[in-house]
Amino acid sequence: MLTPTMLVLLVMTAYPLIFTFIYSFTNYNYLKGAKKASFVMFANYIKLFKNDYFRQAVLNTIKFTICAVILEMLLGLMIAVFINSLKKAQKIMRTLLLLPYLLPAVTVALSWRMMLSSNYGIINQFLSGLGLPYFNWFLDTRTAFWTILVIDVWQNVPFVFLLLFASLQSVPEGQYEAARIDGAGAFQQFWYVTIPNIKNSLALCALLRTIDTFRLFEKINVLTGGGPAGTTSTITQYLYNYGIKSLDFGFGSAGAIVMTVLVLILSSVYIKRAIS
């Protein structure tokens, strides 16, 4: 009974991954065709790591992933614990909190671009009303990265909340009662009862958010295109500009393999920390 599903997974994941790995050692260009591609060994990888823009994109991606996942996990856990403690209006609060996550990433990016516009954005109008200066949020090297980080966290915290809230429902109430009888305070109950019971969910959530955040593309492409001065460039944005647009699939495949390796490393780190 598992055979059909395994076949689909092999076709959809293993097959593309194998050919991406093979193409990363070639000079395959889509316009020239696969028949004219020749093996260049590690030339694509050498070219990749010698590129300053790619190195900056890697650092930006790692920095963004670490900051986003940590903030999303902390905020999602806090909201989940708070909503779980409510006696009334849980369903209403759950519905309202999930709305940002239900929106497409492009819709979210366009909405925030309008709100943060330096000409007619409601946020800059609000700052002006308080006598504060305008900000060009997406074209200022000091604010562009952190602005996109806030937008991504705003949209994806509900996902973390949903997973952790579901996990909190399975924590036995008897353990809390036993802890209260032993004199444990609210923080001690949270640390010694709640966290151990949802430890596996925390690890799963960290893994899913790490993988998803590492391949961030839509918001970057819509809001900044990797600018200003490469401060918001990510690996996926780099591969789009220098691999997909230029149809240099051999070079793009090398970048995809590097990104896959980095995702595996970061995922294992987060899982170990969550479990510990």
# chains A, B, ... in the order shown; residues from 1 in each chain; ligands from 1

$ closest_atom_pairs --of "segment 4-123 of chain A" --to "segment 152-166 of chain A" --cutoff "7 Å" --atoms "only C-alpha atoms" --output "Markdown table"
| residue | atom | partner | partner_atom | distance |
| --- | --- | --- | --- | --- |
| A:Ala68 | CA | A:Val153 | CA | 6.1 |
| A:Glu72 | CA | A:Val157 | CA | 5.0 |
| A:Met73 | CA | A:Val160 | CA | 6.4 |
| A:Leu75 | CA | A:Val157 | CA | 6.7 |
| A:Gly76 | CA | A:Phe161 | CA | 4.3 |
| A:Leu77 | CA | A:Phe161 | CA | 6.2 |
| A:Ile79 | CA | A:Phe161 | CA | 6.4 |
| A:Ala80 | CA | A:Phe165 | CA | 4.9 |
| A:Asn84 | CA | A:Phe165 | CA | 6.8 |
| A:Leu97 | CA | A:Pro158 | CA | 5.9 |
| A:Leu98 | CA | A:Pro158 | CA | 5.3 |
| A:Pro100 | CA | A:Gln155 | CA | 5.0 |
| A:Tyr101 | CA | A:Gln155 | CA | 5.1 |

$ residues_around --residues "segment 113-127 of chain A" --least-positions-apart "2" --cutoff "10 Å" --atoms "only C-alpha atoms" --output "list of chain:residue names"
A:Thr107, A:Val108, A:Ala109, A:Leu110, A:Ser111, A:Gly129, A:Leu130, A:Gly131, A:Leu132, A:Pro133, A:Tyr134, A:Phe135, A:Asn136, A:Trp137, A:Phe138, A:Leu139, A:Thr147, A:Lys219, A:Val222, A:Leu223, A:Thr224

$ atom_distance --atom1 "atom CA of Tyr45 of chain A" --atom2 "atom CA of Val258 of chain A"
8.6 Å

$ residues_around --residues "segment 190-203 of chain A" --least-positions-apart "6" --cutoff "12 Å" --atoms "only C-alpha atoms" --output "mmCIF file with all heavy atoms, in the first residue's frame"
data_model
loop_
_atom_site.group_PDB
_atom_site.id
_atom_site.type_symbol
_atom_site.label_atom_id
_atom_site.label_comp_id
_atom_site.auth_asym_id
_atom_site.auth_seq_id
_atom_site.Cartn_x
_atom_site.Cartn_y
_atom_site.Cartn_z
ATOM 1 N N VAL A 69 13.352 32.203 12.533
ATOM 2 C CA VAL A 69 12.898 30.985 13.217
ATOM 3 C C VAL A 69 12.865 31.186 14.724
ATOM 4 O O VAL A 69 11.915 30.769 15.398
ATOM 5 C CB VAL A 69 13.787 29.784 12.833
ATOM 6 C CG1 VAL A 69 13.418 28.564 13.670
ATOM 7 C CG2 VAL A 69 13.650 29.461 11.357
ATOM 8 N N ILE A 70 13.878 31.832 15.271
ATOM 9 C CA ILE A 70 13.898 32.062 16.719
ATOM 10 C C ILE A 70 12.728 32.947 17.145
ATOM 11 O O ILE A 70 12.009 32.641 18.117
ATOM 12 C CB ILE A 70 15.242 32.699 17.143
ATOM 13 C CG1 ILE A 70 16.378 31.682 17.012
ATOM 14 C CG2 ILE A 70 15.168 33.216 18.583
ATOM 15 C CD1 ILE A 70 17.747 32.239 17.305
ATOM 16 N N GLU A 72 9.891 33.514 15.501
ATOM 17 C CA GLU A 72 8.618 32.829 15.255
ATOM 18 C C GLU A 72 8.340 31.760 16.303
ATOM 19 O O GLU A 72 7.196 31.600 16.748
ATOM 20 C CB GLU A 72 8.623 32.218 13.855
ATOM 21 C CG GLU A 72 8.522 33.247 12.747
ATOM 22 C CD GLU A 72 8.888 32.685 11.395
ATOM 23 O OE1 GLU A 72 9.005 31.455 11.251
ATOM 24 O OE2 GLU A 72 9.056 33.495 10.454
ATOM 25 N N MET A 73 9.382 31.039 16.711
ATOM 26 C CA MET A 73 9.198 30.001 17.728
ATOM 27 C C MET A 73 8.826 30.622 19.073
ATOM 28 O O MET A 73 7.918 30.146 19.759
ATOM 29 C CB MET A 73 10.477 29.180 17.863
ATOM 30 C CG MET A 73 10.819 28.338 16.643
ATOM 31 S SD MET A 73 9.677 26.985 16.356
ATOM 32 C CE MET A 73 10.060 25.925 17.747
ATOM 33 N N LEU A 74 9.514 31.697 19.453
ATOM 34 C CA LEU A 74 9.235 32.339 20.740
ATOM 35 C C LEU A 74 7.842 32.951 20.770
ATOM 36 O O LEU A 74 7.063 32.713 21.697
ATOM 37 C CB LEU A 74 10.292 33.405 21.029
ATOM 38 C CG LEU A 74 11.695 32.910 21.365
ATOM 39 C CD1 LEU A 74 12.656 34.083 21.505
ATOM 40 C CD2 LEU A 74 11.690 32.099 22.652
ATOM 41 N N GLY A 76 5.304 32.364 18.681
ATOM 42 C CA GLY A 76 4.280 31.334 18.489
ATOM 43 C C GLY A 76 4.002 30.559 19.764
ATOM 44 O O GLY A 76 2.847 30.255 20.084
ATOM 45 N N LEU A 77 5.073 30.235 20.517
ATOM 46 C CA LEU A 77 4.907 29.503 21.777
ATOM 47 C C LEU A 77 4.180 30.358 22.812
ATOM 48 O O LEU A 77 3.277 29.874 23.518
ATOM 49 C CB LEU A 77 6.273 29.081 22.309
ATOM 50 C CG LEU A 77 6.289 28.331 23.643
ATOM 51 C CD1 LEU A 77 5.463 27.051 23.539
ATOM 52 C CD2 LEU A 77 7.729 28.011 24.055
ATOM 53 N N MET A 78 4.553 31.630 22.909
ATOM 54 C CA MET A 78 3.901 32.523 23.875
ATOM 55 C C MET A 78 2.409 32.673 23.568
ATOM 56 O O MET A 78 1.565 32.609 24.470
ATOM 57 C CB MET A 78 4.587 33.895 23.840
ATOM 58 C CG MET A 78 5.996 33.910 24.424
ATOM 59 S SD MET A 78 6.857 35.475 24.125
ATOM 60 C CE MET A 78 5.746 36.630 24.909
ATOM 61 N N ALA A 80 0.537 30.573 21.817
ATOM 62 C CA ALA A 80 -0.132 29.287 22.010
ATOM 63 C C ALA A 80 -0.435 29.036 23.482
ATOM 64 O O ALA A 80 -1.538 28.573 23.832
ATOM 65 C CB ALA A 80 0.748 28.159 21.455
ATOM 66 N N VAL A 81 0.513 29.338 24.353
ATOM 67 C CA VAL A 81 0.294 29.150 25.795
ATOM 68 C C VAL A 81 -0.803 30.086 26.288
ATOM 69 O O VAL A 81 -1.666 29.690 27.098
ATOM 70 C CB VAL A 81 1.607 29.392 26.565
ATOM 71 C CG1 VAL A 81 1.350 29.406 28.076
ATOM 72 C CG2 VAL A 81 2.633 28.318 26.226
ATOM 73 N N PHE A 82 -0.792 31.316 25.795
ATOM 74 C CA PHE A 82 -1.810 32.290 26.222
ATOM 75 C C PHE A 82 -3.210 31.868 25.772
ATOM 76 O O PHE A 82 -4.148 31.865 26.566
ATOM 77 C CB PHE A 82 -1.468 33.669 25.665
ATOM 78 C CG PHE A 82 -2.557 34.685 25.877
ATOM 79 C CD1 PHE A 82 -2.825 35.189 27.138
ATOM 80 C CD2 PHE A 82 -3.331 35.129 24.798
ATOM 81 C CE1 PHE A 82 -3.845 36.116 27.336
ATOM 82 C CE2 PHE A 82 -4.336 36.053 24.983
ATOM 83 C CZ PHE A 82 -4.602 36.550 26.257
ATOM 84 N N ASN A 84 -4.208 28.919 24.968
ATOM 85 C CA ASN A 84 -4.568 27.667 25.644
ATOM 86 C C ASN A 84 -5.073 27.913 27.063
ATOM 87 O O ASN A 84 -5.847 27.115 27.600
ATOM 88 C CB ASN A 84 -3.359 26.734 25.681
ATOM 89 C CG ASN A 84 -3.713 25.342 26.155
ATOM 90 O OD1 ASN A 84 -4.600 24.694 25.608
ATOM 91 N ND2 ASN A 84 -3.013 24.869 27.180
ATOM 92 N N SER A 85 -4.647 29.013 27.652
ATOM 93 C CA SER A 85 -5.064 29.321 29.025
ATOM 94 C C SER A 85 -6.429 30.010 29.086
ATOM 95 O O SER A 85 -7.002 30.143 30.170
ATOM 96 C CB SER A 85 -4.018 30.218 29.698
ATOM 97 O OG SER A 85 -3.969 31.500 29.073
ATOM 98 N N VAL A 160 3.341 28.525 13.511
ATOM 99 C CA VAL A 160 3.970 27.981 14.719
ATOM 100 C C VAL A 160 2.937 27.872 15.829
ATOM 101 O O VAL A 160 2.870 26.863 16.554
ATOM 102 C CB VAL A 160 5.146 28.872 15.158
ATOM 103 C CG1 VAL A 160 5.781 28.340 16.440
ATOM 104 C CG2 VAL A 160 6.187 28.970 14.053
ATOM 105 N N PHE A 161 2.126 28.903 15.969
ATOM 106 C CA PHE A 161 1.070 28.889 16.988
ATOM 107 C C PHE A 161 0.137 27.695 16.805
ATOM 108 O O PHE A 161 -0.210 27.007 17.775
ATOM 109 C CB PHE A 161 0.277 30.198 16.924
ATOM 110 C CG PHE A 161 -1.132 30.071 17.401
ATOM 111 C CD1 PHE A 161 -1.413 29.946 18.758
ATOM 112 C CD2 PHE A 161 -2.194 30.064 16.501
ATOM 113 C CE1 PHE A 161 -2.726 29.812 19.199
ATOM 114 C CE2 PHE A 161 -3.494 29.936 16.938
ATOM 115 C CZ PHE A 161 -3.766 29.811 18.289
ATOM 116 N N LEU A 162 -0.255 27.433 15.577
ATOM 117 C CA LEU A 162 -1.206 26.352 15.317
ATOM 118 C C LEU A 162 -0.640 24.991 15.708
ATOM 119 O O LEU A 162 -1.315 24.187 16.372
ATOM 120 C CB LEU A 162 -1.595 26.347 13.842
ATOM 121 C CG LEU A 162 -2.662 25.334 13.410
ATOM 122 C CD1 LEU A 162 -3.972 25.630 14.116
ATOM 123 C CD2 LEU A 162 -2.844 25.359 11.911
ATOM 124 N N LEU A 163 0.611 24.719 15.327
ATOM 125 C CA LEU A 163 1.223 23.434 15.660
ATOM 126 C C LEU A 163 1.403 23.273 17.162
ATOM 127 O O LEU A 163 1.110 22.213 17.728
ATOM 128 C CB LEU A 163 2.569 23.302 14.958
ATOM 129 C CG LEU A 163 2.565 23.041 13.450
ATOM 130 C CD1 LEU A 163 3.983 22.849 12.941
ATOM 131 C CD2 LEU A 163 1.735 21.797 13.116
ATOM 132 N N LEU A 164 1.885 24.316 17.817
ATOM 133 C CA LEU A 164 2.145 24.221 19.249
ATOM 134 C C LEU A 164 0.853 24.211 20.058
ATOM 135 O O LEU A 164 0.770 23.550 21.100
ATOM 136 C CB LEU A 164 3.049 25.371 19.695
ATOM 137 C CG LEU A 164 4.449 25.389 19.061
ATOM 138 C CD1 LEU A 164 5.282 26.521 19.639
ATOM 139 C CD2 LEU A 164 5.158 24.053 19.254
ATOM 140 N N PHE A 165 -0.150 24.934 19.587
ATOM 141 C CA PHE A 165 -1.441 24.921 20.282
ATOM 142 C C PHE A 165 -2.051 23.524 20.248
ATOM 143 O O PHE A 165 -2.592 23.041 21.250
ATOM 144 C CB PHE A 165 -2.388 25.931 19.638
ATOM 145 C CG PHE A 165 -3.736 25.988 20.289
ATOM 146 C CD1 PHE A 165 -3.923 26.672 21.476
ATOM 147 C CD2 PHE A 165 -4.823 25.348 19.713
ATOM 148 C CE1 PHE A 165 -5.169 26.704 22.087
ATOM 149 C CE2 PHE A 165 -6.058 25.385 20.299
ATOM 150 C CZ PHE A 165 -6.244 26.066 21.500
ATOM 151 N N ALA A 166 -1.954 22.869 19.086
ATOM 152 C CA ALA A 166 -2.462 21.501 18.975
ATOM 153 C C ALA A 166 -1.695 20.565 19.903
ATOM 154 O O ALA A 166 -2.274 19.652 20.505
ATOM 155 C CB ALA A 166 -2.354 21.023 17.533
ATOM 156 N N SER A 167 -0.392 20.793 20.034
ATOM 157 C CA SER A 167 0.422 19.952 20.912
ATOM 158 C C SER A 167 0.076 20.186 22.382
ATOM 159 O O SER A 167 0.076 19.247 23.188
ATOM 160 C CB SER A 167 1.906 20.241 20.661
ATOM 161 O OG SER A 167 2.720 19.440 21.483
ATOM 162 N N LEU A 168 -0.234 21.429 22.729
ATOM 163 C CA LEU A 168 -0.583 21.743 24.121
ATOM 164 C C LEU A 168 -1.865 21.049 24.555
ATOM 165 O O LEU A 168 -2.065 20.785 25.748
ATOM 166 C CB LEU A 168 -0.729 23.261 24.287
ATOM 167 C CG LEU A 168 0.574 24.075 24.281
ATOM 168 C CD1 LEU A 168 0.265 25.555 24.245
ATOM 169 C CD2 LEU A 168 1.431 23.743 25.484
ATOM 170 N N GLN A 169 -2.739 20.771 23.592
ATOM 171 C CA GLN A 169 -3.992 20.109 23.926
ATOM 172 C C GLN A 169 -3.767 18.682 24.449
ATOM 173 O O GLN A 169 -4.620 18.126 25.136
ATOM 174 C CB GLN A 169 -4.897 20.044 22.692
ATOM 175 C CG GLN A 169 -5.216 21.391 22.080
ATOM 176 C CD GLN A 169 -5.975 22.301 23.027
ATOM 177 O OE1 GLN A 169 -7.055 21.962 23.493
ATOM 178 N NE2 GLN A 169 -5.392 23.451 23.332
ATOM 179 N N SER A 170 -2.610 18.107 24.096
ATOM 180 C CA SER A 170 -2.335 16.722 24.493
ATOM 181 C C SER A 170 -1.575 16.611 25.815
ATOM 182 O O SER A 170 -1.291 15.502 26.271
ATOM 183 C CB SER A 170 -1.534 16.018 23.393
ATOM 184 O OG SER A 170 -0.262 16.630 23.217
ATOM 185 N N VAL A 171 -1.216 17.740 26.416
ATOM 186 C CA VAL A 171 -0.502 17.695 27.700
ATOM 187 C C VAL A 171 -1.484 17.280 28.797
ATOM 188 O O VAL A 171 -2.526 17.921 28.983
ATOM 189 C CB VAL A 171 0.117 19.061 28.037
ATOM 190 C CG1 VAL A 171 0.846 19.000 29.386
ATOM 191 C CG2 VAL A 171 1.071 19.503 26.936
ATOM 192 N N PRO A 172 -1.193 16.211 29.539
ATOM 193 C CA PRO A 172 -2.131 15.735 30.573
ATOM 194 C C PRO A 172 -2.348 16.772 31.669
ATOM 195 O O PRO A 172 -1.386 17.321 32.220
ATOM 196 C CB PRO A 172 -1.428 14.488 31.137
ATOM 197 C CG PRO A 172 -0.457 14.072 30.077
ATOM 198 C CD PRO A 172 -0.012 15.335 29.409
ATOM 199 N N GLU A 173 -3.595 17.052 31.968
ATOM 200 C CA GLU A 173 -3.918 18.021 33.010
ATOM 201 C C GLU A 173 -3.459 17.521 34.383
ATOM 202 O O GLU A 173 -3.143 18.324 35.275
ATOM 203 C CB GLU A 173 -5.428 18.271 33.029
ATOM 204 C CG GLU A 173 -5.889 19.322 34.026
ATOM 205 C CD GLU A 173 -5.309 20.699 33.743
ATOM 206 O OE1 GLU A 173 -5.045 20.993 32.561
ATOM 207 O OE2 GLU A 173 -5.098 21.459 34.713
ATOM 208 N N GLY A 174 -3.381 16.195 34.530
ATOM 209 C CA GLY A 174 -2.942 15.640 35.802
ATOM 210 C C GLY A 174 -1.531 16.048 36.185
ATOM 211 O O GLY A 174 -1.216 16.184 37.371
ATOM 212 N N GLN A 175 -0.680 16.238 35.190
ATOM 213 C CA GLN A 175 0.691 16.656 35.480
ATOM 214 C C GLN A 175 0.722 18.080 36.047
ATOM 215 O O GLN A 175 1.524 18.384 36.928
ATOM 216 C CB GLN A 175 1.533 16.567 34.216
ATOM 217 C CG GLN A 175 1.738 15.146 33.712
ATOM 218 C CD GLN A 175 2.726 15.077 32.570
ATOM 219 O OE1 GLN A 175 3.473 16.018 32.306
ATOM 220 N NE2 GLN A 175 2.745 13.939 31.871
ATOM 221 N N TYR A 176 -0.141 18.953 35.533
ATOM 222 C CA TYR A 176 -0.217 20.311 36.081
ATOM 223 C C TYR A 176 -0.745 20.289 37.512
ATOM 224 O O TYR A 176 -0.255 21.020 38.393
ATOM 225 C CB TYR A 176 -1.119 21.186 35.208
ATOM 226 C CG TYR A 176 -0.535 21.530 33.868
ATOM 227 C CD1 TYR A 176 -1.070 21.021 32.700
ATOM 228 C CD2 TYR A 176 0.562 22.395 33.765
ATOM 229 C CE1 TYR A 176 -0.539 21.341 31.455
ATOM 230 C CE2 TYR A 176 1.099 22.725 32.527
ATOM 231 C CZ TYR A 176 0.536 22.193 31.377
ATOM 232 O OH TYR A 176 1.072 22.510 30.155
ATOM 233 N N GLU A 177 -1.742 19.437 37.758
ATOM 234 C CA GLU A 177 -2.307 19.340 39.109
ATOM 235 C C GLU A 177 -1.262 18.823 40.091
ATOM 236 O O GLU A 177 -1.147 19.337 41.213
ATOM 237 C CB GLU A 177 -3.522 18.418 39.094
ATOM 238 C CG GLU A 177 -4.701 18.964 38.312
ATOM 239 C CD GLU A 177 -5.866 17.997 38.267
ATOM 240 O OE1 GLU A 177 -5.736 16.887 38.836
ATOM 241 O OE2 GLU A 177 -6.905 18.344 37.665
ATOM 242 N N ALA A 178 -0.490 17.834 39.657
ATOM 243 C CA ALA A 178 0.570 17.304 40.523
ATOM 244 C C ALA A 178 1.630 18.359 40.799
ATOM 245 O O ALA A 178 2.136 18.474 41.928
ATOM 246 C CB ALA A 178 1.205 16.072 39.874
ATOM 247 N N ALA A 179 1.961 19.148 39.774
ATOM 248 C CA ALA A 179 2.963 20.202 39.949
ATOM 249 C C ALA A 179 2.461 21.274 40.905
ATOM 250 O O ALA A 179 3.226 21.774 41.754
ATOM 251 C CB ALA A 179 3.302 20.821 38.590
ATOM 252 N N ARG A 180 1.181 21.631 40.778
ATOM 253 C CA ARG A 180 0.620 22.648 41.688
ATOM 254 C C ARG A 180 0.583 22.142 43.130
ATOM 255 O O ARG A 180 0.844 22.900 44.074
ATOM 256 C CB ARG A 180 -0.780 23.048 41.219
ATOM 257 C CG ARG A 180 -0.786 23.939 39.988
ATOM 258 C CD ARG A 180 -2.171 24.545 39.763
ATOM 259 N NE ARG A 180 -3.123 23.536 39.334
ATOM 260 C CZ ARG A 180 -3.366 23.233 38.062
ATOM 261 N NH1 ARG A 180 -2.720 23.878 37.091
ATOM 262 N NH2 ARG A 180 -4.256 22.316 37.741
ATOM 263 N N ALA A 184 4.693 24.072 42.685
ATOM 264 C CA ALA A 184 5.324 24.679 41.520
ATOM 265 C C ALA A 184 4.551 25.914 41.075
ATOM 266 O O ALA A 184 3.320 25.914 41.041
ATOM 267 C CB ALA A 184 5.380 23.668 40.368
ATOM 268 N N ARG A 209 9.984 25.312 9.754
ATOM 269 C CA ARG A 209 10.194 26.747 9.541
ATOM 270 C C ARG A 209 11.590 27.039 9.000
ATOM 271 O O ARG A 209 11.774 27.977 8.228
ATOM 272 C CB ARG A 209 9.986 27.517 10.857
ATOM 273 C CG ARG A 209 8.567 27.605 11.329
ATOM 274 C CD ARG A 209 7.621 28.184 10.271
ATOM 275 N NE ARG A 209 8.149 29.404 9.704
ATOM 276 C CZ ARG A 209 8.080 29.699 8.405
ATOM 277 N NH1 ARG A 209 7.518 28.869 7.541
ATOM 278 N NH2 ARG A 209 8.574 30.831 7.969
ATOM 279 N N THR A 210 12.583 26.247 9.390
ATOM 280 C CA THR A 210 13.930 26.444 8.854
ATOM 281 C C THR A 210 13.963 26.181 7.356
ATOM 282 O O THR A 210 14.509 26.972 6.576
ATOM 283 C CB THR A 210 14.933 25.509 9.559
ATOM 284 O OG1 THR A 210 14.974 25.838 10.950
ATOM 285 C CG2 THR A 210 16.332 25.670 8.985
ATOM 286 N N SER A 267 18.994 22.614 9.771
ATOM 287 C CA SER A 267 17.883 21.830 10.314
ATOM 288 C C SER A 267 18.354 20.927 11.444
ATOM 289 O O SER A 267 17.699 20.826 12.490
ATOM 290 C CB SER A 267 17.247 20.989 9.208
ATOM 291 O OG SER A 267 16.736 21.800 8.177
ATOM 292 N N SER A 268 19.494 20.284 11.260
ATOM 293 C CA SER A 268 20.012 19.401 12.303
ATOM 294 C C SER A 268 20.378 20.172 13.561
ATOM 295 O O SER A 268 20.156 19.703 14.679
ATOM 296 C CB SER A 268 21.234 18.634 11.778
ATOM 297 O OG SER A 268 22.287 19.523 11.435
ATOM 298 N N VAL A 269 20.904 21.394 13.383
ATOM 299 C CA VAL A 269 21.262 22.223 14.543
ATOM 300 C C VAL A 269 20.015 22.596 15.341
ATOM 301 O O VAL A 269 19.988 22.490 16.569
ATOM 302 C CB VAL A 269 22.015 23.486 14.080
ATOM 303 C CG1 VAL A 269 22.167 24.469 15.246
ATOM 304 C CG2 VAL A 269 23.382 23.121 13.528
ATOM 305 N N TYR A 270 18.972 23.039 14.647
ATOM 306 C CA TYR A 270 17.741 23.433 15.325
ATOM 307 C C TYR A 270 17.088 22.255 16.042
ATOM 308 O O TYR A 270 16.567 22.390 17.144
ATOM 309 C CB TYR A 270 16.750 24.029 14.322
ATOM 310 C CG TYR A 270 16.939 25.512 14.098
ATOM 311 C CD1 TYR A 270 17.338 25.982 12.850
ATOM 312 C CD2 TYR A 270 16.717 26.424 15.109
ATOM 313 C CE1 TYR A 270 17.520 27.333 12.621
ATOM 314 C CE2 TYR A 270 16.899 27.775 14.906
ATOM 315 C CZ TYR A 270 17.292 28.229 13.667
ATOM 316 O OH TYR A 270 17.460 29.567 13.447
ATOM 317 N N ILE A 271 17.108 21.088 15.413
ATOM 318 C CA ILE A 271 16.495 19.910 16.021
ATOM 319 C C ILE A 271 17.235 19.527 17.300
ATOM 320 O O ILE A 271 16.620 19.221 18.330
ATOM 321 C CB ILE A 271 16.478 18.732 15.028
ATOM 322 C CG1 ILE A 271 15.493 19.018 13.889
ATOM 323 C CG2 ILE A 271 16.081 17.447 15.733
ATOM 324 C CD1 ILE A 271 15.534 17.993 12.783
ATOM 325 N N LYS A 272 18.564 19.554 17.262
ATOM 326 C CA LYS A 272 19.348 19.213 18.450
ATOM 327 C C LYS A 272 19.061 20.190 19.592
ATOM 328 O O LYS A 272 18.919 19.784 20.753
ATOM 329 C CB LYS A 272 20.838 19.232 18.121
ATOM 330 C CG LYS A 272 21.285 18.039 17.275
ATOM 331 C CD LYS A 272 22.778 18.104 16.992
ATOM 332 C CE LYS A 272 23.223 16.893 16.146
ATOM 333 N NZ LYS A 272 24.669 16.954 15.834
ATOM 334 N N ARG A 273 18.960 21.494 19.262
ATOM 335 C CA ARG A 273 18.676 22.482 20.292
ATOM 336 C C ARG A 273 17.269 22.327 20.854
ATOM 337 O O ARG A 273 17.053 22.456 22.055
ATOM 338 C CB ARG A 273 18.854 23.896 19.729
ATOM 339 C CG ARG A 273 20.310 24.265 19.465
ATOM 340 C CD ARG A 273 20.425 25.697 19.016
ATOM 341 N NE ARG A 273 21.819 26.073 18.819
ATOM 342 C CZ ARG A 273 22.217 27.280 18.430
ATOM 343 N NH1 ARG A 273 21.331 28.205 18.176
ATOM 344 N NH2 ARG A 273 23.508 27.541 18.269
ATOM 345 N N ALA A 274 16.324 22.017 19.977
ATOM 346 C CA ALA A 274 14.940 21.868 20.433
ATOM 347 C C ALA A 274 14.808 20.649 21.350
ATOM 348 O O ALA A 274 14.103 20.683 22.352
ATOM 349 C CB ALA A 274 14.010 21.741 19.235
ATOM 350 N N ILE A 275 15.483 19.551 20.969
ATOM 351 C CA ILE A 275 15.406 18.334 21.769
ATOM 352 C C ILE A 275 16.094 18.514 23.120
ATOM 353 O O ILE A 275 15.621 18.044 24.150
ATOM 354 C CB ILE A 275 16.031 17.153 21.005
ATOM 355 C CG1 ILE A 275 15.149 16.813 19.779
ATOM 356 C CG2 ILE A 275 16.165 15.925 21.893
ATOM 357 C CD1 ILE A 275 15.735 15.724 18.893
ATOM 358 N N SER A 276 17.228 19.227 23.102
ATOM 359 C CA SER A 276 17.968 19.437 24.357
ATOM 360 C C SER A 276 17.289 20.469 25.253
ATOM 361 O O SER A 276 17.498 20.463 26.447
ATOM 362 C CB SER A 276 19.404 19.866 24.057
ATOM 363 O OG SER A 276 19.421 21.085 23.337
#

$ residues_around --residues "Phe42 of chain A" --least-positions-apart "2" --cutoff "10 Å" --atoms "only C-alpha atoms" --output "MDAnalysis selection string"
chainID A and resid 24:26 39:40 44:48 254
